[in-house]
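Visitor: coords-v5.pdb is reproduced below (PDB, C-alpha atoms and all ligand atoms).
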```pdb
ATOM      1  CA  MET C  22     -13.614  -2.495  29.474
ATOM      2  CA  SER C  23     -13.897   0.058  26.666
ATOM      3  CA  LEU C  24     -10.193  -0.362  26.021
ATOM      4  CA  LEU C  25     -10.668  -4.079  25.645
ATOM      5  CA  GLN C  26     -13.440  -3.454  23.140
ATOM      6  CA  ILE C  27     -11.247  -1.093  21.107
ATOM      7  CA  THR C  28      -8.495  -3.695  21.079
ATOM      8  CA  ALA C  29     -10.916  -6.345  19.943
ATOM      9  CA  SER C  30     -12.277  -4.219  17.098
ATOM     10  CA  THR C  31      -8.790  -3.158  15.919
ATOM     11  CA  HIS C  32      -7.952  -6.811  16.019
ATOM     12  CA  SER C  33     -10.877  -7.878  13.869
ATOM     13  CA  SER C  34     -10.478  -5.046  11.322
ATOM     14  CA  VAL C  35      -6.800  -5.941  10.901
ATOM     15  CA  SER C  36      -7.754  -9.587  10.496
ATOM     16  CA  SER C  37     -10.359  -8.775   7.877
ATOM     17  CA  ARG C  38      -7.868  -6.600   6.024
ATOM     18  CA  LEU C  39      -5.413  -9.489   6.136
ATOM     19  CA  LEU C  40      -8.069 -11.809   4.794
ATOM     20  CA  ARG C  41      -8.875  -9.406   1.938
ATOM     21  CA  LEU C  42      -5.162  -9.184   1.141
ATOM     22  CA  SER C  43      -4.830 -12.941   0.983
ATOM     23  CA  ILE C  44      -7.803 -13.120  -1.366
ATOM     24  CA  PHE C  45      -6.231 -10.392  -3.511
ATOM     25  CA  LEU C  46      -3.013 -12.403  -3.539
ATOM     26  CA  LEU C  47      -4.844 -15.547  -4.634
ATOM     27  CA  LEU C  48      -6.745 -13.647  -7.325
ATOM     28  CA  SER C  49      -3.530 -12.144  -8.621
ATOM     29  CA  LEU C  50      -1.935 -15.578  -9.088
ATOM     30  CA  PRO C  51      -3.820 -16.587 -12.282
ATOM     31  CA  ASP C  52      -2.245 -13.443 -13.802
ATOM     32  CA  SER C  53       0.978 -15.439 -13.941
ATOM     33  CA  LYS C  54      -0.128 -16.833 -17.303
ATOM     34  CA  GLY C  55       0.912 -13.403 -18.703
ATOM     35  CA  LYS C  56       4.061 -13.632 -20.784
ATOM     36  CA  ALA C  57       7.381 -12.019 -20.183
ATOM     37  CA  ILE C  58       7.990  -8.751 -22.015
ATOM     38  CA  TRP C  59      11.197  -8.346 -24.024
ATOM     39  CA  THR C  60      12.499  -4.904 -24.751
ATOM     40  CA  ALA C  61      14.230  -4.076 -28.024
ATOM     41  CA  HIS C  62      17.395  -2.009 -28.350
ATOM     42  CA  LEU C  63      17.310   0.092 -31.475
ATOM     43  CA  ASN C  64      20.562   1.335 -32.937
ATOM     44  CA  ILE C  65      19.444   4.043 -35.337
ATOM     45  CA  THR C  66      22.072   5.274 -37.827
ATOM     46  CA  PHE C  67      21.717   7.973 -40.472
ATOM     47  CA  GLN C  68      23.842  10.436 -42.344
ATOM     48  CA  VAL C  69      23.401  14.213 -42.168
ATOM     49  CA  GLY C  70      25.727  15.997 -44.582
ATOM     50  CA  ASN C  71      28.924  14.027 -44.177
ATOM     51  CA  ARG C  72      28.340  13.260 -40.494
ATOM     52  CA  ILE C  73      27.116   9.828 -39.532
ATOM     53  CA  ILE C  74      24.810   9.978 -36.546
ATOM     54  CA  SER C  75      24.138   6.891 -34.522
ATOM     55  CA  GLU C  76      21.908   6.571 -31.485
ATOM     56  CA  LEU C  77      21.189   3.547 -29.375
ATOM     57  CA  GLY C  78      18.187   3.266 -27.107
ATOM     58  CA  GLU C  79      15.946   0.704 -25.442
ATOM     59  CA  SER C  80      13.073   2.237 -27.332
ATOM     60  CA  GLY C  81      10.913  -0.724 -28.343
ATOM     61  CA  VAL C  82       9.285  -3.915 -27.168
ATOM     62  CA  PHE C  83       9.028  -7.131 -29.100
ATOM     63  CA  GLY C  84       5.588  -8.326 -30.084
ATOM     64  CA  ASN C  85       4.249 -11.342 -28.230
ATOM     65  CA  HIS C  86       4.512 -13.516 -31.338
ATOM     66  CA  SER C  87       7.772 -12.149 -32.664
ATOM     67  CA  PRO C  88      10.958 -14.234 -32.856
ATOM     68  CA  LEU C  89      13.512 -12.842 -30.387
ATOM     69  CA  GLU C  90      16.266 -12.174 -32.914
ATOM     70  CA  ARG C  91      18.647  -9.491 -34.022
ATOM     71  CA  VAL C  92      17.588  -7.972 -37.296
ATOM     72  CA  SER C  93      18.872  -4.972 -39.252
ATOM     73  CA  GLY C  94      18.211  -3.033 -42.405
ATOM     74  CA  ALA C  95      17.208   0.192 -44.059
ATOM     75  CA  VAL C  96      13.997   1.708 -42.737
ATOM     76  CA  VAL C  97      11.307   1.873 -45.422
ATOM     77  CA  LEU C  98       7.915   3.611 -45.439
ATOM     78  CA  PRO C  99       4.735   2.475 -47.162
ATOM     79  CA  LYS C 100       4.200   4.407 -50.400
ATOM     80  CA  GLY C 101       1.446   6.960 -50.552
ATOM     81  CA  TRP C 102       0.006   9.225 -47.868
ATOM     82  CA  ASN C 103      -1.366   6.375 -45.747
ATOM     83  CA  GLN C 104       1.231   4.919 -43.401
ATOM     84  CA  ASN C 105      -0.848   2.155 -41.793
ATOM     85  CA  ALA C 106      -0.181  -0.538 -44.450
ATOM     86  CA  CYS C 107      -3.662  -1.958 -44.130
ATOM     87  CA  ASN C 108      -4.201  -2.092 -47.896
ATOM     88  CA  PRO C 109      -2.926  -5.515 -49.057
ATOM     89  CA  MET C 110      -1.624  -3.809 -52.223
ATOM     90  CA  THR C 111       0.581  -1.399 -50.228
ATOM     91  CA  ASN C 112       3.941  -0.803 -51.869
ATOM     92  CA  PHE C 113       7.108   0.169 -49.982
ATOM     93  CA  SER C 114       9.622   2.695 -51.258
ATOM     94  CA  ARG C 115      12.565   0.390 -50.827
ATOM     95  CA  PRO C 116      15.955   2.001 -51.658
ATOM     96  CA  GLU C 117      17.937   0.097 -54.288
ATOM     97  CA  GLN C 118      21.154  -0.162 -52.228
ATOM     98  CA  ALA C 119      19.391  -1.938 -49.329
ATOM     99  CA  ASP C 120      19.376  -5.707 -49.391
ATOM    100  CA  SER C 121      17.748  -5.961 -46.007
ATOM    101  CA  TRP C 122      14.938  -3.654 -44.975
ATOM    102  CA  LEU C 123      12.544  -2.951 -42.112
ATOM    103  CA  ALA C 124       9.042  -1.584 -42.688
ATOM    104  CA  LEU C 125       8.055   1.394 -40.526
ATOM    105  CA  ILE C 126       4.274   1.310 -40.129
ATOM    106  CA  GLU C 127       1.750   3.370 -38.185
ATOM    107  CA  ARG C 128      -0.520   1.614 -35.686
ATOM    108  CA  GLY C 129      -4.246   1.440 -36.417
ATOM    109  CA  GLY C 130      -6.697   0.848 -39.260
ATOM    110  CA  CYS C 131      -6.381  -2.939 -39.109
ATOM    111  CA  THR C 132      -4.887  -5.685 -36.946
ATOM    112  CA  PHE C 133      -1.184  -5.979 -36.181
ATOM    113  CA  THR C 134      -1.235  -9.393 -37.869
ATOM    114  CA  HIS C 135      -2.672  -7.872 -41.045
ATOM    115  CA  LYS C 136      -0.117  -5.086 -41.483
ATOM    116  CA  ILE C 137       2.824  -7.293 -40.485
ATOM    117  CA  ASN C 138       1.752  -9.808 -43.148
ATOM    118  CA  VAL C 139       1.441  -7.068 -45.790
ATOM    119  CA  ALA C 140       5.055  -6.004 -45.099
ATOM    120  CA  ALA C 141       6.308  -9.601 -44.918
ATOM    121  CA  GLU C 142       4.751 -10.416 -48.294
ATOM    122  CA  LYS C 143       6.613  -7.485 -49.839
ATOM    123  CA  GLY C 144       9.858  -8.962 -48.495
ATOM    124  CA  ALA C 145      10.487  -6.925 -45.330
ATOM    125  CA  ASN C 146      13.018  -8.466 -42.917
ATOM    126  CA  GLY C 147      11.338  -6.909 -39.924
ATOM    127  CA  VAL C 148       8.456  -4.623 -38.988
ATOM    128  CA  ILE C 149       8.553  -1.592 -36.714
ATOM    129  CA  ILE C 150       5.132  -0.300 -35.712
ATOM    130  CA  TYR C 151       4.801   3.075 -33.996
ATOM    131  CA  ASN C 152       2.008   3.867 -31.574
ATOM    132  CA  TYR C 153      -0.964   6.236 -32.038
ATOM    133  CA  PRO C 154      -0.408  10.003 -31.951
ATOM    134  CA  GLY C 155      -0.835  11.395 -28.428
ATOM    135  CA  THR C 156       0.567   8.322 -26.686
ATOM    136  CA  GLY C 157       4.029   9.842 -26.258
ATOM    137  CA  ASN C 158       6.575   7.073 -26.108
ATOM    138  CA  LYS C 159       4.271   4.441 -24.622
ATOM    139  CA  VAL C 160       4.678   0.933 -25.953
ATOM    140  CA  PHE C 161       3.265  -2.497 -25.173
ATOM    141  CA  PRO C 162       3.835  -6.013 -26.450
ATOM    142  CA  MET C 163       1.628  -6.464 -29.520
ATOM    143  CA  SER C 164      -0.448  -9.530 -30.125
ATOM    144  CA  HIS C 165      -0.048 -10.711 -33.732
ATOM    145  CA  GLN C 166      -0.759 -14.395 -34.095
ATOM    146  CA  GLY C 167       0.173 -15.973 -37.416
ATOM    147  CA  THR C 168       3.274 -13.865 -38.150
ATOM    148  CA  GLU C 169       5.771 -15.946 -36.192
ATOM    149  CA  ASN C 170       8.552 -15.772 -38.817
ATOM    150  CA  ILE C 171       9.153 -12.059 -38.870
ATOM    151  CA  VAL C 172      10.534  -9.807 -36.169
ATOM    152  CA  ALA C 173       7.973  -7.228 -35.079
ATOM    153  CA  VAL C 174       8.620  -4.515 -32.505
ATOM    154  CA  MET C 175       6.612  -1.575 -31.304
ATOM    155  CA  ILE C 176       8.109   1.865 -30.714
ATOM    156  CA  GLY C 177       6.584   4.999 -29.253
ATOM    157  CA  ASN C 178       4.768   7.538 -31.392
ATOM    158  CA  LEU C 179       7.391  10.271 -30.838
ATOM    159  CA  LYS C 180      10.262   8.035 -31.949
ATOM    160  CA  GLY C 181       8.187   6.851 -34.911
ATOM    161  CA  MET C 182       7.423  10.416 -36.049
ATOM    162  CA  GLU C 183      11.107  11.319 -35.748
ATOM    163  CA  LEU C 184      12.049   8.469 -38.095
ATOM    164  CA  LEU C 185       9.139   9.192 -40.433
ATOM    165  CA  HIS C 186      10.165  12.841 -40.869
ATOM    166  CA  LEU C 187      13.814  11.948 -41.456
ATOM    167  CA  ILE C 188      12.938   9.405 -44.131
ATOM    168  CA  GLN C 189      10.351  11.694 -45.751
ATOM    169  CA  LYS C 190      13.165  14.305 -46.079
ATOM    170  CA  GLY C 191      15.101  11.687 -48.026
ATOM    171  CA  VAL C 192      17.539  10.648 -45.265
ATOM    172  CA  TYR C 193      18.715   7.072 -45.487
ATOM    173  CA  VAL C 194      18.135   5.517 -42.060
ATOM    174  CA  THR C 195      19.274   2.082 -40.958
ATOM    175  CA  ILE C 196      18.315   0.351 -37.759
ATOM    176  CA  ILE C 197      19.772  -2.601 -35.899
ATOM    177  CA  ILE C 198      17.167  -4.201 -33.628
ATOM    178  CA  GLU C 199      18.693  -6.140 -30.782
ATOM    179  CA  VAL C 200      17.049  -8.185 -28.063
ATOM    180  CA  GLY C 201      17.043  -6.181 -24.852
ATOM    181  CA  ARG C 202      15.994  -7.222 -21.394
ATOM    182  CA  MET C 203      13.193  -9.360 -20.126
ATOM    183  CA  HIS C 204      10.505  -7.922 -17.849
ATOM    184  CA  MET C 205       8.008 -10.026 -15.996
ATOM    185  CA  PRO C 206       5.142  -7.760 -15.065
ATOM    186  CA  TRP C 207       3.233 -10.602 -13.456
ATOM    187  CA  LEU C 208       6.294 -11.544 -11.393
ATOM    188  CA  SER C 209       6.789  -8.042 -10.081
ATOM    189  CA  HIS C 210       3.036  -7.918  -9.432
ATOM    190  CA  TYR C 211       3.269 -11.165  -7.512
ATOM    191  CA  VAL C 212       6.342 -10.031  -5.584
ATOM    192  CA  MET C 213       4.580  -6.763  -4.791
ATOM    193  CA  SER C 214       1.548  -8.622  -3.460
ATOM    194  CA  LEU C 215       3.777 -10.846  -1.402
ATOM    195  CA  PHE C 216       5.612  -7.854   0.039
ATOM    196  CA  THR C 217       2.359  -6.102   0.840
ATOM    197  CA  PHE C 218       1.132  -9.234   2.534
ATOM    198  CA  LEU C 219       4.321  -9.583   4.592
ATOM    199  CA  ALA C 220       4.270  -5.905   5.498
ATOM    200  CA  ALA C 221       0.658  -6.232   6.630
ATOM    201  CA  THR C 222       1.514  -9.284   8.715
ATOM    202  CA  VAL C 223       4.430  -7.511  10.364
ATOM    203  CA  ALA C 224       2.294  -4.419  10.977
ATOM    204  CA  TYR C 225      -0.420  -6.630  12.448
ATOM    205  CA  LEU C 226       1.997  -8.385  14.807
ATOM    206  CA  PHE C 227       3.508  -5.052  15.764
ATOM    207  CA  LEU C 228       0.070  -3.592  16.509
ATOM    208  CA  TYR C 229      -0.898  -6.703  18.405
ATOM    209  CA  CYS C 230       2.236  -6.580  20.561
ATOM    210  CA  ALA C 231       1.883  -2.846  21.060
ATOM    211  CA  TRP C 232      -1.744  -3.111  22.145
ATOM    212  CA  VAL C 233      -1.744  -6.129  24.426
ATOM    213  CA  PRO C 234       0.569  -4.918  27.219
ATOM    214  CA  ARG C 235      -1.188  -1.571  27.182
ATOM    215  CA  VAL C 236      -4.397  -3.063  28.580
ATOM    216  CA  PRO C 237      -3.037  -4.033  32.051
ATOM    217  CA  ASN C 238      -0.862  -0.894  32.034
ATOM    218  CA  SER C 239      -3.780   1.393  31.577
ATOM    219  CA  SER C 240      -5.957  -0.436  34.086
ATOM    220  CA  ILE C 241      -3.114  -0.107  36.630
ATOM    221  CA  ARG C 242      -2.987   3.570  35.759
ATOM    222  CA  GLY C 243      -6.765   3.768  36.243
ATOM    223  CA  ARG C 244      -6.590   2.116  39.643
ATOM    224  CA  ARG C 245      -3.813   4.479  40.751
ATOM    225  CA  GLN C 246      -5.947   7.415  39.706
ATOM    226  CA  ILE C 247      -8.905   6.133  41.750
ATOM    227  CA  LYS C 248      -6.673   5.599  44.791
ATOM    228  CA  ALA C 249      -5.457   9.203  44.524
ATOM    229  CA  ASP C 250      -9.047  10.439  44.234
ATOM    230  CA  VAL C 251     -10.061   8.421  47.311
ATOM    231  CA  LYS C 252      -7.172   9.840  49.348
ATOM    232  CA  LYS C 253      -8.193  13.337  48.335
ATOM    233  CA  ALA C 254     -11.847  12.689  49.211
ATOM    234  CA  ILE C 255     -10.858  11.296  52.628
ATOM    235  CA  GLY C 256      -8.769  14.410  53.295
ATOM    236  CA  GLN C 257     -11.806  16.584  52.619
ATOM    237  CA  LEU C 258     -14.009  14.754  55.164
ATOM    238  CA  GLN C 259     -14.637  16.495  58.463
ATOM    239  CA  LEU C 260     -12.571  15.606  61.575
ATOM    240  CA  ARG C 261     -13.569  16.185  65.174
ATOM    241  CA  VAL C 262     -11.921  15.667  68.557
ATOM    242  CA  LEU C 263     -14.399  14.273  71.064
ATOM    243  CA  LYS C 264     -14.736  16.144  74.351
ATOM    244  CA  GLU C 265     -16.208  15.321  77.750
ATOM    245  CA  GLY C 266     -19.966  15.844  77.570
ATOM    246  CA  ASP C 267     -20.382  15.055  73.813
ATOM    247  CA  LYS C 268     -23.403  12.847  73.186
ATOM    248  CA  GLU C 269     -21.185  10.423  71.185
ATOM    249  CA  LEU C 270     -19.541   9.503  74.526
ATOM    250  CA  ASP C 271     -22.845   8.276  75.995
ATOM    251  CA  PRO C 272     -22.302   4.562  76.810
ATOM    252  CA  ASN C 273     -25.735   3.829  75.329
ATOM    253  CA  GLU C 274     -24.609   5.148  71.941
ATOM    254  CA  ASP C 275     -23.042   2.856  69.289
ATOM    255  CA  SER C 276     -19.371   2.020  69.492
ATOM    256  CA  CYS C 277     -17.061   2.315  66.428
ATOM    257  CA  VAL C 278     -18.213  -0.404  64.023
ATOM    258  CA  VAL C 279     -14.691  -0.873  62.638
ATOM    259  CA  CYS C 280     -12.839  -1.588  65.911
ATOM    260  CA  PHE C 281     -15.880  -2.120  68.250
ATOM    261  CA  ASP C 282     -14.256   0.195  70.820
ATOM    262  CA  ILE C 283     -16.392   2.767  72.540
ATOM    263  CA  TYR C 284     -15.581   6.437  71.945
ATOM    264  CA  LYS C 285     -13.531   8.171  74.634
ATOM    265  CA  PRO C 286     -12.719  11.855  75.168
ATOM    266  CA  GLU C 287      -9.795  13.084  72.973
ATOM    267  CA  ASP C 288     -10.594  10.439  70.312
ATOM    268  CA  VAL C 289     -10.292  11.837  66.783
ATOM    269  CA  VAL C 290     -13.308  10.884  64.705
ATOM    270  CA  ARG C 291     -13.955  11.369  61.027
ATOM    271  CA  ILE C 292     -17.456  12.285  59.939
ATOM    272  CA  LEU C 293     -18.544  11.047  56.516
ATOM    273  CA  THR C 294     -20.915  12.927  54.215
ATOM    274  CA  CYS C 295     -23.662  10.484  55.260
ATOM    275  CA  LYS C 296     -23.186  11.798  58.844
ATOM    276  CA  HIS C 297     -21.853   8.469  60.126
ATOM    277  CA  PHE C 298     -18.618   8.839  62.132
ATOM    278  CA  PHE C 299     -15.816   6.497  63.141
ATOM    279  CA  HIS C 300     -12.359   6.621  64.739
ATOM    280  CA  LYS C 301     -10.056   8.338  62.234
ATOM    281  CA  ALA C 302      -7.449   5.587  62.727
ATOM    282  CA  CYS C 303     -10.108   2.936  61.962
ATOM    283  CA  ILE C 304     -12.026   4.503  59.082
ATOM    284  CA  ASP C 305      -9.151   5.896  56.962
ATOM    285  CA  PRO C 306      -7.610   2.501  56.036
ATOM    286  CA  TRP C 307     -11.134   1.091  55.549
ATOM    287  CA  LEU C 308     -12.074   3.884  53.150
ATOM    288  CA  LEU C 309      -8.817   3.488  51.229
ATOM    289  CA  ALA C 310      -9.704  -0.157  50.682
ATOM    290  CA  HIS C 311     -13.503   0.117  50.244
ATOM    291  CA  ARG C 312     -14.407   3.732  49.404
ATOM    292  CA  THR C 313     -17.791   3.242  51.140
ATOM    293  CA  CYS C 314     -19.277   3.908  54.554
ATOM    294  CA  PRO C 315     -19.312   0.658  56.593
ATOM    295  CA  MET C 316     -22.812   1.508  57.859
ATOM    296  CA  CYS C 317     -24.798   2.725  54.856
ATOM    297  CA  LYS C 318     -22.463   1.857  51.916
ATOM    298  CA  CYS C 319     -22.518   5.399  50.593
ATOM    299  CA  ASP C 320     -19.607   5.992  48.195
ATOM    300  CA  ILE C 321     -17.299   8.804  49.358
ATOM    301  CA  LEU C 322     -16.384   9.582  45.704
ATOM    302  CA  LYS C 323     -20.009  10.015  44.721
ATOM    303  CA  THR C 324     -21.109  12.410  47.434
TER     304      THR C 324
HETATM  305  C1  LIG Y 401      25.224   1.302 -34.145
HETATM  306  O1  LIG Y 401      25.377   0.913 -35.473
HETATM  307  C2  LIG Y 401      26.457   1.547 -36.133
HETATM  308  C3  LIG Y 401      26.412   1.160 -37.593
HETATM  309  O2  LIG Y 401      26.189  -0.193 -37.765
HETATM  310  C4  LIG Y 401      27.771   1.145 -35.484
HETATM  311  O3  LIG Y 401      28.863   1.749 -36.093
HETATM  312  C5  LIG Y 401      27.690   1.573 -34.014
HETATM  313  O4  LIG Y 401      28.838   1.119 -33.331
HETATM  314  C6  LIG Y 401      26.472   1.015 -33.347
HETATM  315  N1  LIG Y 401      26.356   1.625 -32.038
HETATM  316  C7  LIG Y 401      26.249   0.912 -30.919
HETATM  317  C8  LIG Y 401      26.211   1.690 -29.673
HETATM  318  O5  LIG Y 401      26.174  -0.313 -30.934
HETATM  319  C1  LIG Y 402       1.635  -1.113 -55.796
HETATM  320  O1  LIG Y 402       2.330  -1.327 -57.011
HETATM  321  C2  LIG Y 402       1.607  -2.118 -57.933
HETATM  322  C3  LIG Y 402       2.508  -2.411 -59.143
HETATM  323  O2  LIG Y 402       3.391  -1.372 -59.369
HETATM  324  C4  LIG Y 402       0.345  -1.383 -58.337
HETATM  325  O3  LIG Y 402      -0.417  -2.170 -59.217
HETATM  326  C5  LIG Y 402      -0.472  -1.106 -57.072
HETATM  327  O4  LIG Y 402      -1.621  -0.365 -57.389
HETATM  328  C6  LIG Y 402       0.335  -0.391 -56.046
HETATM  329  N1  LIG Y 402      -0.434  -0.311 -54.824
HETATM  330  C7  LIG Y 402      -0.872   0.823 -54.300
HETATM  331  C8  LIG Y 402      -1.653   0.726 -53.058
HETATM  332  O5  LIG Y 402      -0.655   1.912 -54.824
END
```
As a first step, turn the structure in this file into structure tokens.
Ligand SMILES: *[C@@H]1O[C@H](CO)[C@@H](O)[C@H](O)[C@H]1NC(C)=O
Ligand SMILES: *[C@@H]1O[C@H](CO)[C@@H](O)[C@H](O)[C@H]1NC(C)=O

Guide:
Amino acid sequence: MSLLQITASTHSSVSSRLLRLSIFLLLSLPDSKGKAIWTAHLNITFQVGNRIISELGESGVFGNHSPLERVSGAVVLPKGWNQNACNPMTNFSRPEQADSWLALIERGGCTFTHKINVAAEKGANGVIIYNYPGTGNKVFPMSHQGTENIVAVMIGNLKGMELLHLIQKGVYVTIIIEVGRMHMPWLSHYVMSLFTFLAATVAYLFLYCAWVPRVPNSSIRGRRQIKADVKKAIGQLQLRVLKEGDKELDPNEDSCVVCFDIYKPEDVVRILTCKHFFHKACIDPWLLAHRTCPMCKCDILKT
């Protein structure tokens, strides 16, 4: 009985968890309006002494409103100590030999749209914005409505500082921005939810199948245990061999209520704890089946 209750409660808690999962899955679906994220490969080239150093890395992400195009040029900083290009009058220290250039701008101070427009008005062919200090190399797709004609990518703060220091030392740095790979965070989120859901379903079925046959098994085990206890209790009950002259042999006394035979000398009788006695051959099978005294119903396991 208690086992059945446990099974039922496991059952209902698994069902409620399943229900919550399905709701989570449904709630996660509207997320699918989120756009795909495109990474940007940056091929950074600069000259140190007479060595040309070139490094390629998937170090940026395209802004949400950026054209997905290859763009290249010399990397140029805003003039002055402020690198955020929020001032509409910001000038860029564009090298004379560069016909195509990319503005390297710090995040913050104003909107992405604002600073991208400032650089675009000065003739930049692309904008690279680096993240806040302390964010390591974390990047995200920027939102910059209204600047759809110019490529804008975000790079991590560490990469941005590296470039900034090189250029501030007077190194001529060029970058080729290439379209990298597409990521669909909402898709992986959806797939994850689906997998979780399937895993939960499988786990539920597994639990269900594992629990159900255990109920009859354990009740069989319980019954076997009781039978063993009864046998043991019977073995502990007193036995007596009737002899000539015993008062049980008086014809006026009761006969055995199991077989209705009268008691004779040399009969083996078993005496229960309630003091009732019967032929051993009659009472043992009865007790195995009923556990109780046929006269007063007292339970041999309880006394
Ligand atoms: C990076 O750009 C440089 C200069 O344009 C070029 O020589 C080099 O092959 C490029 N590297 C890669 C890995 O594309
Ligand atoms: C940018 O250059 C123009 C013309 O040379 C100058 O008038 C302006 O003040 C400069 N802007 C800044 C922010 O220094």

Visitor: Name the residues in contact with Ile73 of chain C at a cut-off of 12 Å, using all atoms listed in the file, excluding same-chain residues fewer than 6 positions from it; report them as a count of residues only.

Guide: 7

Visitor: Choose the residue, out of C:Ser87, C:Thr132, C:Thr60, C:Ser75, that has the smallest atom-to-atom separation from ligand LIG 401 (chain Y); count only C-alpha atoms and all ligand atoms.

Guide: C:Ser75

Visitor: Distance table requested - chain C against ligand LIG 401 (chain Y), cut-off 12 Å, all atoms listed in the file: one row per qualifying residue with the closest atom pair and its distance in Å to one decimal, ordered by chain and rising residue number, as a tab-separated table.

Guide:
```
residue	atom	partner	partner_atom	distance
C:His62	CA	Y:LIG401	O5	9.3
C:Leu63	CA	Y:LIG401	C1	8.4
C:Asn64	CA	Y:LIG401	C1	4.8
C:Ile65	CA	Y:LIG401	C1	6.5
C:Thr66	CA	Y:LIG401	O1	6.0
C:Phe67	CA	Y:LIG401	C3	8.8
C:Gln68	CA	Y:LIG401	C3	10.7
C:Ile73	CA	Y:LIG401	C3	8.9
C:Ile74	CA	Y:LIG401	C2	8.6
C:Ser75	CA	Y:LIG401	C1	5.7
C:Glu76	CA	Y:LIG401	N1	6.7
C:Leu77	CA	Y:LIG401	C8	5.4
C:Gly78	CA	Y:LIG401	C8	8.6
C:Glu79	CA	Y:LIG401	C8	11.1
C:Val92	CA	Y:LIG401	O2	11.6
C:Ser93	CA	Y:LIG401	O2	8.9
C:Gly94	CA	Y:LIG401	O2	9.7
C:Ala95	CA	Y:LIG401	O2	11.0
C:Val194	CA	Y:LIG401	C3	10.4
C:Thr195	CA	Y:LIG401	C3	7.9
C:Ile196	CA	Y:LIG401	O1	7.4
C:Ile197	CA	Y:LIG401	O1	6.6
C:Ile198	CA	Y:LIG401	C1	9.8
C:Glu199	CA	Y:LIG401	O5	9.5
```

Visitor: I'd like a table as a Markdown table: residues in chain C with an atom no more than 8 Å from ligand LIG 402 (chain Y), each row giving the shortest atom pair and its distance in Å to one decimal, all atoms listed in the file counted, sorted by chain and rising residue number.

Guide:
```
| residue | atom | partner | partner_atom | distance |
| --- | --- | --- | --- | --- |
| C:Lys100 | CA | Y:LIG402 | O5 | 7.0 |
| C:Gly101 | CA | Y:LIG402 | O5 | 6.9 |
| C:Asn108 | CA | Y:LIG402 | C8 | 6.4 |
| C:Pro109 | CA | Y:LIG402 | C8 | 7.5 |
| C:Met110 | CA | Y:LIG402 | N1 | 4.5 |
| C:Thr111 | CA | Y:LIG402 | C8 | 4.2 |
| C:Asn112 | CA | Y:LIG402 | C1 | 4.6 |
```

Visitor: Would you mind listing what lies within 7 Å of Gly157 of chain C as an MDAnalysis selection string, with all atoms listed in the file counted and same-chain residues fewer than 4 positions away left out?

Guide: chainID C and resid 177:179

Visitor: If you measure from atom CA of His210 of chain C to atom CA of Met175 of chain C, what distance in Å do you get, rounded to one decimal?

Guide: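 So the two atoms, atom CA of His210 of chain C and atom CA of Met175 of chain C, lie 23.1 Å apart.
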
Visitor: Of the candidates C:Cys314, C:Val148, C:Val262, C:Leu270, which one gets nearest to Val289 of chain C if we count only C-alpha atoms?

Guide: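 Closest to Val289 of chain C, using only C-alpha atoms: C:Val262.
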
Visitor: Pull out every residue that the PyMOL selection byres (((chain C and resi 184) around 10) and not hetatm) matches in the shown coordinates and put them as a list in words.

Guide: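 Here the PyMOL selection byres (((chain C and resi 184) around 10) and not hetatm) matches Ile65, Phe67, Val96, Val97, Leu98, Leu125, Tyr151, Asn178, Leu179, Lys180, Gly181, Met182, Glu183, Leu185, His186, Leu187, Ile188, Gln189, Lys190, Val192 and Val194 of chain C.
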
Visitor: Given the file shown, enumerate the residues that the PyMOL selection byres (((chain C and resi 284) around 9) and not hetatm) captures and present them as a VMD selection string.

Guide: chain C and resid 263 269 to 272 275 to 277 282 to 283 285 to 288 290 299 to 300

Visitor: Could you take the residues named above and write them with C-alpha atoms, as a PDB file, in the frame of the given file?

Guide:
```
ATOM      1  CA  LEU C 263     -14.399  14.273  71.064  1.00  0.00           C
ATOM      2  CA  GLU C 269     -21.185  10.423  71.185  1.00  0.00           C
ATOM      3  CA  LEU C 270     -19.541   9.503  74.526  1.00  0.00           C
ATOM      4  CA  ASP C 271     -22.845   8.276  75.995  1.00  0.00           C
ATOM      5  CA  PRO C 272     -22.302   4.562  76.810  1.00  0.00           C
ATOM      6  CA  ASP C 275     -23.042   2.856  69.289  1.00  0.00           C
ATOM      7  CA  SER C 276     -19.371   2.020  69.492  1.00  0.00           C
ATOM      8  CA  CYS C 277     -17.061   2.315  66.428  1.00  0.00           C
ATOM      9  CA  ASP C 282     -14.256   0.195  70.820  1.00  0.00           C
ATOM     10  CA  ILE C 283     -16.392   2.767  72.540  1.00  0.00           C
ATOM     11  CA  LYS C 285     -13.531   8.171  74.634  1.00  0.00           C
ATOM     12  CA  PRO C 286     -12.719  11.855  75.168  1.00  0.00           C
ATOM     13  CA  GLU C 287      -9.795  13.084  72.973  1.00  0.00           C
ATOM     14  CA  ASP C 288     -10.594  10.439  70.312  1.00  0.00           C
ATOM     15  CA  VAL C 290     -13.308  10.884  64.705  1.00  0.00           C
ATOM     16  CA  PHE C 299     -15.816   6.497  63.141  1.00  0.00           C
ATOM     17  CA  HIS C 300     -12.359   6.621  64.739  1.00  0.00           C
TER      18      HIS C 300
END
```

Visitor: Could you tell me how far atom CA of Leu226 of chain C lies from atom CA of Ser240 of chain C, in Å and to one decimal?

Guide: 22.3 Å

Visitor: Counting only C-alpha atoms, what is within 12 Å of segment 246-251 of chain C, bar same-chain residues fewer than 4 positions away, as a ChimeraX atom specification?

Guide: /C:239-242,255-258,305-313,320-324

Visitor: Identify all residues satisfying the PyMOL selection byres (((chain C and resi 129) around 9) and not hetatm) in the given file; provide them as a ChimeraX atom specification.

Guide: /C:105,107,127-128,130-133,152-153

Visitor: Enter the distance from atom CA of Val172 of chain C to atom CA of Lys159 of chain C, in Å, rounded to one decimal.

Guide: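 For atom CA of Val172 of chain C relative to atom CA of Lys159 of chain C, the distance reads 19.4 Å.
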